[in-house]
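One structure is given here, and the rest of the page talks about it.
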Amino acid sequence: MKAVSKKRFKYKSLLTYAAFVGPALLFFLVIQILPFLMGVYYSFTSWNGVSSVVEWVGLDNYKQIFTNDETFFNSFMFTTKFMFAAVIISNLIGFGFALLLNAALKTRNILRTVFFIPNVIGGLLLGFIWQFIFVKGFASVGNMTDFAFFKMPWLGDEKTAFWGIVIVFAWQISGYMMVIYVAALQGVDSSLLEAARMDGASNWTLLTKIIIPLILPAFTICFFLTISMAFKIFDLNISLTGGGPFNSTQSVAINIYQEAFQNNRYGLGTAKSILFFVVVAIFTTFQVMLTKKKEVEA
């Protein structure tokens with residue numbers, strides 16, 4: 001009897017587990033895993049995305065990417081440089097906002113809302129807004145004030161266009177990072193800070209020796225999010241510069257989109273996306289391992 005009751009209990013537990021997890025697992029398999037596996041298959045073909053004929057070409061797409069696709073290499077270099085600049089700047093701004101708003105300010109709740117609002121605006125709309133600011137707004141201010149900063153061709157030159165995209169990305173995402181850092185800072189035990197102050201610790205010592213080591217998990221999360229977001233930048237990039245001037249600010253996502261949907265080389269575009277997935281996975285995995293190691297050492 002005990003054996004039968006145990007089997008019934010296990011059967012009921014399995015049914016309960018399947019009832020709760022099954023639908024989510026099914027949607028994950030259909031929406032994520034199946035398209036990914038199909039993408040891997042198409043990366044070995046010359047399919048144009050329309051025809052019913054799918055020709056197997058093996059590793060030819062990958063060979064072409066590595067040997068005869070300078071545009072993809074340039075877009076990858078741009079995306080990598082953009083990722084490093086955007087991650088550092090957005091996290092510095094987000095952490096700075098968090099430190100400011102963690103203080104006893106009367107307007108901190110209003111300021112949190114103000115700093116977070118850019119993250120709510122869609123990337124395409126945000127890009128077009130900032131395109132108007134860079135092209136029209138800065139030019140008007142430059143004519144009135146004669147400041148060289150506002151007279152620069154922000155979206156018309158390779159270097160300034162790069163920093164223009166970095167500025168807009170950091171402006172959009174810093175508020176989101178701020179929320180994560182604020183939550184981490186509020187979890188720091190105030191008694192530790194008071195004890196350190198009584199021992200004569202300066203504000204810089206409190207920040208570097210106590211606060212930052214205690215909130216390293218927040219840095220792990222924020223670095224992971226900003227790295228993945230910066231690598232996958234598309235809507236902001238395409239609405240601000242469209243990859244110009246002369247493809248100097250073309251991200252990998254735009255390059256893949258143009259290859260698959262404008263050049264009708266779906267197989268080659270999918271091969272690029274698979275390589276891109278591998279690179280992003282390596283970067284994020286290395287970052288998580290490194291910051292997790294720092295958490296243990298702290």
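How things are named: the first chain in the structure tokens is A, the next is B, and so on; residues count from 1 in each chain; ligands count from 1 in the order shown.
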Closest contacts (stretch 140-203 of chain A/stretch 97-101 of chain A, max 6 Å, only C-alpha atoms) as a Markdown table:
| residue | atom | partner | partner_atom | distance |
| --- | --- | --- | --- | --- |
| A:Met178 | CA | A:Ala98 | CA | 5.1 |
| A:Tyr181 | CA | A:Ala98 | CA | 5.8 |
| A:Val182 | CA | A:Ala98 | CA | 4.9 |
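Of the listed residues A:Gly49, A:Phe223, A:Asn264, A:Ser228, the one whose atoms come nearest to A:Val288 is A:Phe223, with distances taken using only C-alpha atoms.
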For A:Phe78, find every residue with an atom within 12 Å (counting only C-alpha atoms), except residues of its own chain fewer than 3 positions away, and show them as a PyMOL selection string.
chain A and resi 71-75+81-86+158-159+161-163+165-166+230-231+233+237+243-244+247-255
What would the file look like if the residues just selected were written as an mmCIF file, in the first residue's frame with N, CA and C atoms?
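The result, stored in selection26.cif:
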data_model
loop_
_atom_site.group_PDB
_atom_site.id
_atom_site.type_symbol
_atom_site.label_atom_id
_atom_site.label_comp_id
_atom_site.auth_asym_id
_atom_site.auth_seq_id
_atom_site.Cartn_x
_atom_site.Cartn_y
_atom_site.Cartn_z
ATOM 1 N N THR A 71 32.683 44.245 -44.960
ATOM 2 C CA THR A 71 31.629 45.055 -44.337
ATOM 3 C C THR A 71 31.198 44.458 -43.000
ATOM 4 N N PHE A 72 31.071 43.138 -42.953
ATOM 5 C CA PHE A 72 30.684 42.486 -41.703
ATOM 6 C C PHE A 72 31.774 42.656 -40.652
ATOM 7 N N PHE A 73 33.030 42.540 -41.068
ATOM 8 C CA PHE A 73 34.141 42.722 -40.128
ATOM 9 C C PHE A 73 34.148 44.143 -39.571
ATOM 10 N N ASN A 74 33.929 45.133 -40.441
ATOM 11 C CA ASN A 74 33.904 46.533 -39.988
ATOM 12 C C ASN A 74 32.733 46.786 -39.034
ATOM 13 N N SER A 75 31.573 46.211 -39.353
ATOM 14 C CA SER A 75 30.412 46.380 -38.470
ATOM 15 C C SER A 75 30.644 45.706 -37.127
ATOM 16 N N LYS A 81 33.590 48.197 -30.303
ATOM 17 C CA LYS A 81 34.012 49.475 -29.718
ATOM 18 C C LYS A 81 32.851 50.185 -29.046
ATOM 19 N N PHE A 82 31.707 50.149 -29.709
ATOM 20 C CA PHE A 82 30.519 50.770 -29.134
ATOM 21 C C PHE A 82 30.137 50.092 -27.825
ATOM 22 N N MET A 83 30.238 48.773 -27.787
ATOM 23 C CA MET A 83 29.878 48.036 -26.580
ATOM 24 C C MET A 83 30.737 48.465 -25.397
ATOM 25 N N PHE A 84 32.046 48.526 -25.576
ATOM 26 C CA PHE A 84 32.935 48.906 -24.474
ATOM 27 C C PHE A 84 32.636 50.328 -23.995
ATOM 28 N N ALA A 85 32.502 51.263 -24.939
ATOM 29 C CA ALA A 85 32.236 52.655 -24.555
ATOM 30 C C ALA A 85 30.881 52.791 -23.886
ATOM 31 N N ALA A 86 29.860 52.155 -24.440
ATOM 32 C CA ALA A 86 28.502 52.286 -23.912
ATOM 33 C C ALA A 86 28.366 51.637 -22.544
ATOM 34 N N GLU A 158 32.260 60.318 -39.020
ATOM 35 C CA GLU A 158 32.427 58.980 -38.443
ATOM 36 C C GLU A 158 32.637 59.016 -36.932
ATOM 37 N N LYS A 159 33.540 59.881 -36.445
ATOM 38 C CA LYS A 159 33.866 59.910 -35.023
ATOM 39 C C LYS A 159 32.722 60.490 -34.193
ATOM 40 N N ALA A 161 29.566 60.717 -35.031
ATOM 41 C CA ALA A 161 28.386 59.853 -35.118
ATOM 42 C C ALA A 161 28.492 58.702 -34.132
ATOM 43 N N PHE A 162 29.711 58.154 -33.996
ATOM 44 C CA PHE A 162 29.928 57.078 -33.021
ATOM 45 C C PHE A 162 29.575 57.550 -31.612
ATOM 46 N N TRP A 163 30.122 58.701 -31.221
ATOM 47 C CA TRP A 163 29.862 59.212 -29.878
ATOM 48 C C TRP A 163 28.427 59.693 -29.720
ATOM 49 N N ILE A 165 25.804 58.130 -30.971
ATOM 50 C CA ILE A 165 25.047 56.917 -30.644
ATOM 51 C C ILE A 165 25.326 56.484 -29.212
ATOM 52 N N VAL A 166 26.583 56.604 -28.781
ATOM 53 C CA VAL A 166 26.932 56.253 -27.393
ATOM 54 C C VAL A 166 26.183 57.138 -26.408
ATOM 55 N N ALA A 230 24.039 46.490 -25.720
ATOM 56 C CA ALA A 230 24.929 47.236 -26.616
ATOM 57 C C ALA A 230 25.289 46.418 -27.847
ATOM 58 N N PHE A 231 25.533 45.131 -27.655
ATOM 59 C CA PHE A 231 25.856 44.277 -28.795
ATOM 60 C C PHE A 231 24.683 44.190 -29.770
ATOM 61 N N ILE A 233 22.312 46.349 -30.418
ATOM 62 C CA ILE A 233 21.715 47.637 -30.792
ATOM 63 C C ILE A 233 21.282 47.611 -32.259
ATOM 64 N N ASN A 237 20.258 52.631 -33.583
ATOM 65 C CA ASN A 237 21.283 52.837 -34.603
ATOM 66 C C ASN A 237 20.665 53.180 -35.958
ATOM 67 N N GLY A 243 23.355 53.530 -40.051
ATOM 68 C CA GLY A 243 24.635 52.882 -40.338
ATOM 69 C C GLY A 243 25.645 53.801 -40.984
ATOM 70 N N GLY A 244 25.248 55.010 -41.328
ATOM 71 C CA GLY A 244 26.147 55.953 -42.001
ATOM 72 C C GLY A 244 26.929 56.791 -41.015
ATOM 73 N N ASN A 247 28.576 53.603 -43.950
ATOM 74 C CA ASN A 247 28.586 52.362 -43.161
ATOM 75 C C ASN A 247 29.569 52.396 -41.994
ATOM 76 N N SER A 248 30.009 53.590 -41.605
ATOM 77 C CA SER A 248 30.991 53.682 -40.520
ATOM 78 C C SER A 248 30.371 53.402 -39.149
ATOM 79 N N THR A 249 29.061 53.540 -39.027
ATOM 80 C CA THR A 249 28.388 53.262 -37.759
ATOM 81 C C THR A 249 27.379 52.128 -37.910
ATOM 82 N N GLN A 250 27.648 51.233 -38.815
ATOM 83 C CA GLN A 250 26.733 50.105 -39.042
ATOM 84 C C GLN A 250 26.985 49.013 -38.008
ATOM 85 N N SER A 251 25.972 48.707 -37.205
ATOM 86 C CA SER A 251 26.099 47.647 -36.213
ATOM 87 C C SER A 251 25.945 46.287 -36.878
ATOM 88 N N VAL A 252 26.316 45.246 -36.157
ATOM 89 C CA VAL A 252 26.186 43.890 -36.698
ATOM 90 C C VAL A 252 24.725 43.554 -36.968
ATOM 91 N N ALA A 253 23.837 44.009 -36.085
ATOM 92 C CA ALA A 253 22.410 43.729 -36.266
ATOM 93 C C ALA A 253 21.891 44.325 -37.575
ATOM 94 N N ILE A 254 22.314 45.551 -37.904
ATOM 95 C CA ILE A 254 21.898 46.172 -39.168
ATOM 96 C C ILE A 254 22.500 45.418 -40.347
ATOM 97 N N ASN A 255 23.754 45.014 -40.223
ATOM 98 C CA ASN A 255 24.403 44.260 -41.295
ATOM 99 C C ASN A 255 23.670 42.955 -41.564
#
field: Residue contacts of stretch 270-281 of chain A (9 Å, only C-alpha atoms) excluding same-chain residues fewer than 2 positions away, as a PyMOL selection string
entry: chain A and resi 36+39-44+61-62+65+72+76+227-228+231-232+252-253+255-256+259-260+265-268+283-286
For the residues in that selection, give me N, CA and C atoms as a PDB file, in the first residue's frame.
ATOM      1  N   PHE A  36      15.725  28.761 -33.469  1.00  0.00           N
ATOM      2  CA  PHE A  36      17.184  28.753 -33.412  1.00  0.00           C
ATOM      3  C   PHE A  36      17.756  27.574 -34.195  1.00  0.00           C
ATOM      4  N   GLY A  39      17.386  28.193 -37.757  1.00  0.00           N
ATOM      5  CA  GLY A  39      18.392  29.155 -38.176  1.00  0.00           C
ATOM      6  C   GLY A  39      19.747  28.511 -38.403  1.00  0.00           C
ATOM      7  N   VAL A  40      20.116  27.567 -37.526  1.00  0.00           N
ATOM      8  CA  VAL A  40      21.370  26.835 -37.705  1.00  0.00           C
ATOM      9  C   VAL A  40      21.348  26.070 -39.026  1.00  0.00           C
ATOM     10  N   TYR A  41      20.218  25.450 -39.324  1.00  0.00           N
ATOM     11  CA  TYR A  41      20.091  24.709 -40.593  1.00  0.00           C
ATOM     12  C   TYR A  41      20.216  25.646 -41.791  1.00  0.00           C
ATOM     13  N   TYR A  42      19.479  26.756 -41.771  1.00  0.00           N
ATOM     14  CA  TYR A  42      19.497  27.683 -42.908  1.00  0.00           C
ATOM     15  C   TYR A  42      20.860  28.340 -43.099  1.00  0.00           C
ATOM     16  N   SER A  43      21.669  28.394 -42.039  1.00  0.00           N
ATOM     17  CA  SER A  43      22.996  28.998 -42.179  1.00  0.00           C
ATOM     18  C   SER A  43      23.915  28.168 -43.070  1.00  0.00           C
ATOM     19  N   PHE A  44      23.538  26.925 -43.319  1.00  0.00           N
ATOM     20  CA  PHE A  44      24.316  26.058 -44.214  1.00  0.00           C
ATOM     21  C   PHE A  44      23.674  25.956 -45.600  1.00  0.00           C
ATOM     22  N   ASN A  61      28.932  29.657 -46.598  1.00  0.00           N
ATOM     23  CA  ASN A  61      28.534  30.948 -46.019  1.00  0.00           C
ATOM     24  C   ASN A  61      29.548  31.425 -44.996  1.00  0.00           C
ATOM     25  N   TYR A  62      30.000  30.507 -44.153  1.00  0.00           N
ATOM     26  CA  TYR A  62      30.966  30.869 -43.116  1.00  0.00           C
ATOM     27  C   TYR A  62      32.317  31.200 -43.731  1.00  0.00           C
ATOM     28  N   ILE A  65      32.097  34.717 -45.052  1.00  0.00           N
ATOM     29  CA  ILE A  65      32.136  35.716 -43.976  1.00  0.00           C
ATOM     30  C   ILE A  65      33.563  35.997 -43.542  1.00  0.00           C
ATOM     31  N   PHE A  72      31.071  43.138 -42.953  1.00  0.00           N
ATOM     32  CA  PHE A  72      30.684  42.486 -41.703  1.00  0.00           C
ATOM     33  C   PHE A  72      31.774  42.656 -40.652  1.00  0.00           C
ATOM     34  N   PHE A  76      31.345  44.588 -37.141  1.00  0.00           N
ATOM     35  CA  PHE A  76      31.656  43.913 -35.880  1.00  0.00           C
ATOM     36  C   PHE A  76      32.635  44.730 -35.044  1.00  0.00           C
ATOM     37  N   ILE A 227      26.007  44.868 -21.708  1.00  0.00           N
ATOM     38  CA  ILE A 227      26.787  44.221 -22.765  1.00  0.00           C
ATOM     39  C   ILE A 227      25.869  43.621 -23.817  1.00  0.00           C
ATOM     40  N   SER A 228      24.857  42.883 -23.384  1.00  0.00           N
ATOM     41  CA  SER A 228      23.939  42.255 -24.337  1.00  0.00           C
ATOM     42  C   SER A 228      23.139  43.309 -25.104  1.00  0.00           C
ATOM     43  N   PHE A 231      25.533  45.131 -27.655  1.00  0.00           N
ATOM     44  CA  PHE A 231      25.856  44.277 -28.795  1.00  0.00           C
ATOM     45  C   PHE A 231      24.683  44.190 -29.770  1.00  0.00           C
ATOM     46  N   LYS A 232      23.467  44.135 -29.237  1.00  0.00           N
ATOM     47  CA  LYS A 232      22.277  43.924 -30.078  1.00  0.00           C
ATOM     48  C   LYS A 232      21.644  45.219 -30.565  1.00  0.00           C
ATOM     49  N   VAL A 252      26.316  45.246 -36.157  1.00  0.00           N
ATOM     50  CA  VAL A 252      26.186  43.890 -36.698  1.00  0.00           C
ATOM     51  C   VAL A 252      24.725  43.554 -36.968  1.00  0.00           C
ATOM     52  N   ALA A 253      23.837  44.009 -36.085  1.00  0.00           N
ATOM     53  CA  ALA A 253      22.410  43.729 -36.266  1.00  0.00           C
ATOM     54  C   ALA A 253      21.891  44.325 -37.575  1.00  0.00           C
ATOM     55  N   ASN A 255      23.754  45.014 -40.223  1.00  0.00           N
ATOM     56  CA  ASN A 255      24.403  44.260 -41.295  1.00  0.00           C
ATOM     57  C   ASN A 255      23.670  42.955 -41.564  1.00  0.00           C
ATOM     58  N   ILE A 256      23.267  42.250 -40.523  1.00  0.00           N
ATOM     59  CA  ILE A 256      22.530  40.995 -40.677  1.00  0.00           C
ATOM     60  C   ILE A 256      21.164  41.258 -41.313  1.00  0.00           C
ATOM     61  N   GLU A 259      21.589  42.014 -44.993  1.00  0.00           N
ATOM     62  CA  GLU A 259      21.993  40.822 -45.730  1.00  0.00           C
ATOM     63  C   GLU A 259      20.815  39.894 -45.979  1.00  0.00           C
ATOM     64  N   ALA A 260      19.975  39.719 -44.959  1.00  0.00           N
ATOM     65  CA  ALA A 260      18.884  38.758 -45.063  1.00  0.00           C
ATOM     66  C   ALA A 260      17.666  39.319 -45.773  1.00  0.00           C
ATOM     67  N   ARG A 265      19.661  37.356 -49.092  1.00  0.00           N
ATOM     68  CA  ARG A 265      20.579  36.237 -48.862  1.00  0.00           C
ATOM     69  C   ARG A 265      20.368  35.757 -47.434  1.00  0.00           C
ATOM     70  N   TYR A 266      19.259  35.082 -47.246  1.00  0.00           N
ATOM     71  CA  TYR A 266      18.832  34.679 -45.914  1.00  0.00           C
ATOM     72  C   TYR A 266      19.814  33.694 -45.290  1.00  0.00           C
ATOM     73  N   GLY A 267      20.346  32.776 -46.102  1.00  0.00           N
ATOM     74  CA  GLY A 267      21.296  31.799 -45.578  1.00  0.00           C
ATOM     75  C   GLY A 267      22.556  32.462 -45.046  1.00  0.00           C
ATOM     76  N   LEU A 268      23.106  33.414 -45.807  1.00  0.00           N
ATOM     77  CA  LEU A 268      24.303  34.121 -45.371  1.00  0.00           C
ATOM     78  C   LEU A 268      24.012  34.990 -44.156  1.00  0.00           C
ATOM     79  N   PHE A 283      31.310  36.604 -24.769  1.00  0.00           N
ATOM     80  CA  PHE A 283      31.545  37.852 -24.040  1.00  0.00           C
ATOM     81  C   PHE A 283      30.788  37.871 -22.719  1.00  0.00           C
ATOM     82  N   THR A 284      29.494  37.582 -22.780  1.00  0.00           N
ATOM     83  CA  THR A 284      28.672  37.650 -21.565  1.00  0.00           C
ATOM     84  C   THR A 284      29.071  36.577 -20.561  1.00  0.00           C
ATOM     85  N   THR A 285      29.402  35.373 -21.045  1.00  0.00           N
ATOM     86  CA  THR A 285      29.833  34.305 -20.135  1.00  0.00           C
ATOM     87  C   THR A 285      31.122  34.677 -19.435  1.00  0.00           C
ATOM     88  N   PHE A 286      32.080  35.230 -20.190  1.00  0.00           N
ATOM     89  CA  PHE A 286      33.347  35.649 -19.595  1.00  0.00           C
ATOM     90  C   PHE A 286      33.122  36.749 -18.570  1.00  0.00           C
TER      91      PHE A 286
END
query: Per DSSP on the backbone, what are the helix (DSSP H, G or I) residues of stretch 38-192 of chain A, as a VMD selection string?
result: chain A and resid 38 to 42 60 to 67 70 to 101 108 to 120 123 to 145 148 to 151 158 to 186 190 to 192
Excluding stretch 129-132 of chain A and its own-chain neighbours fewer than 6 positions away, which residues fall within 8 Å of it when counting only C-alpha atoms? Please give them as number ranges by chain. A: 155, 168, 239-240
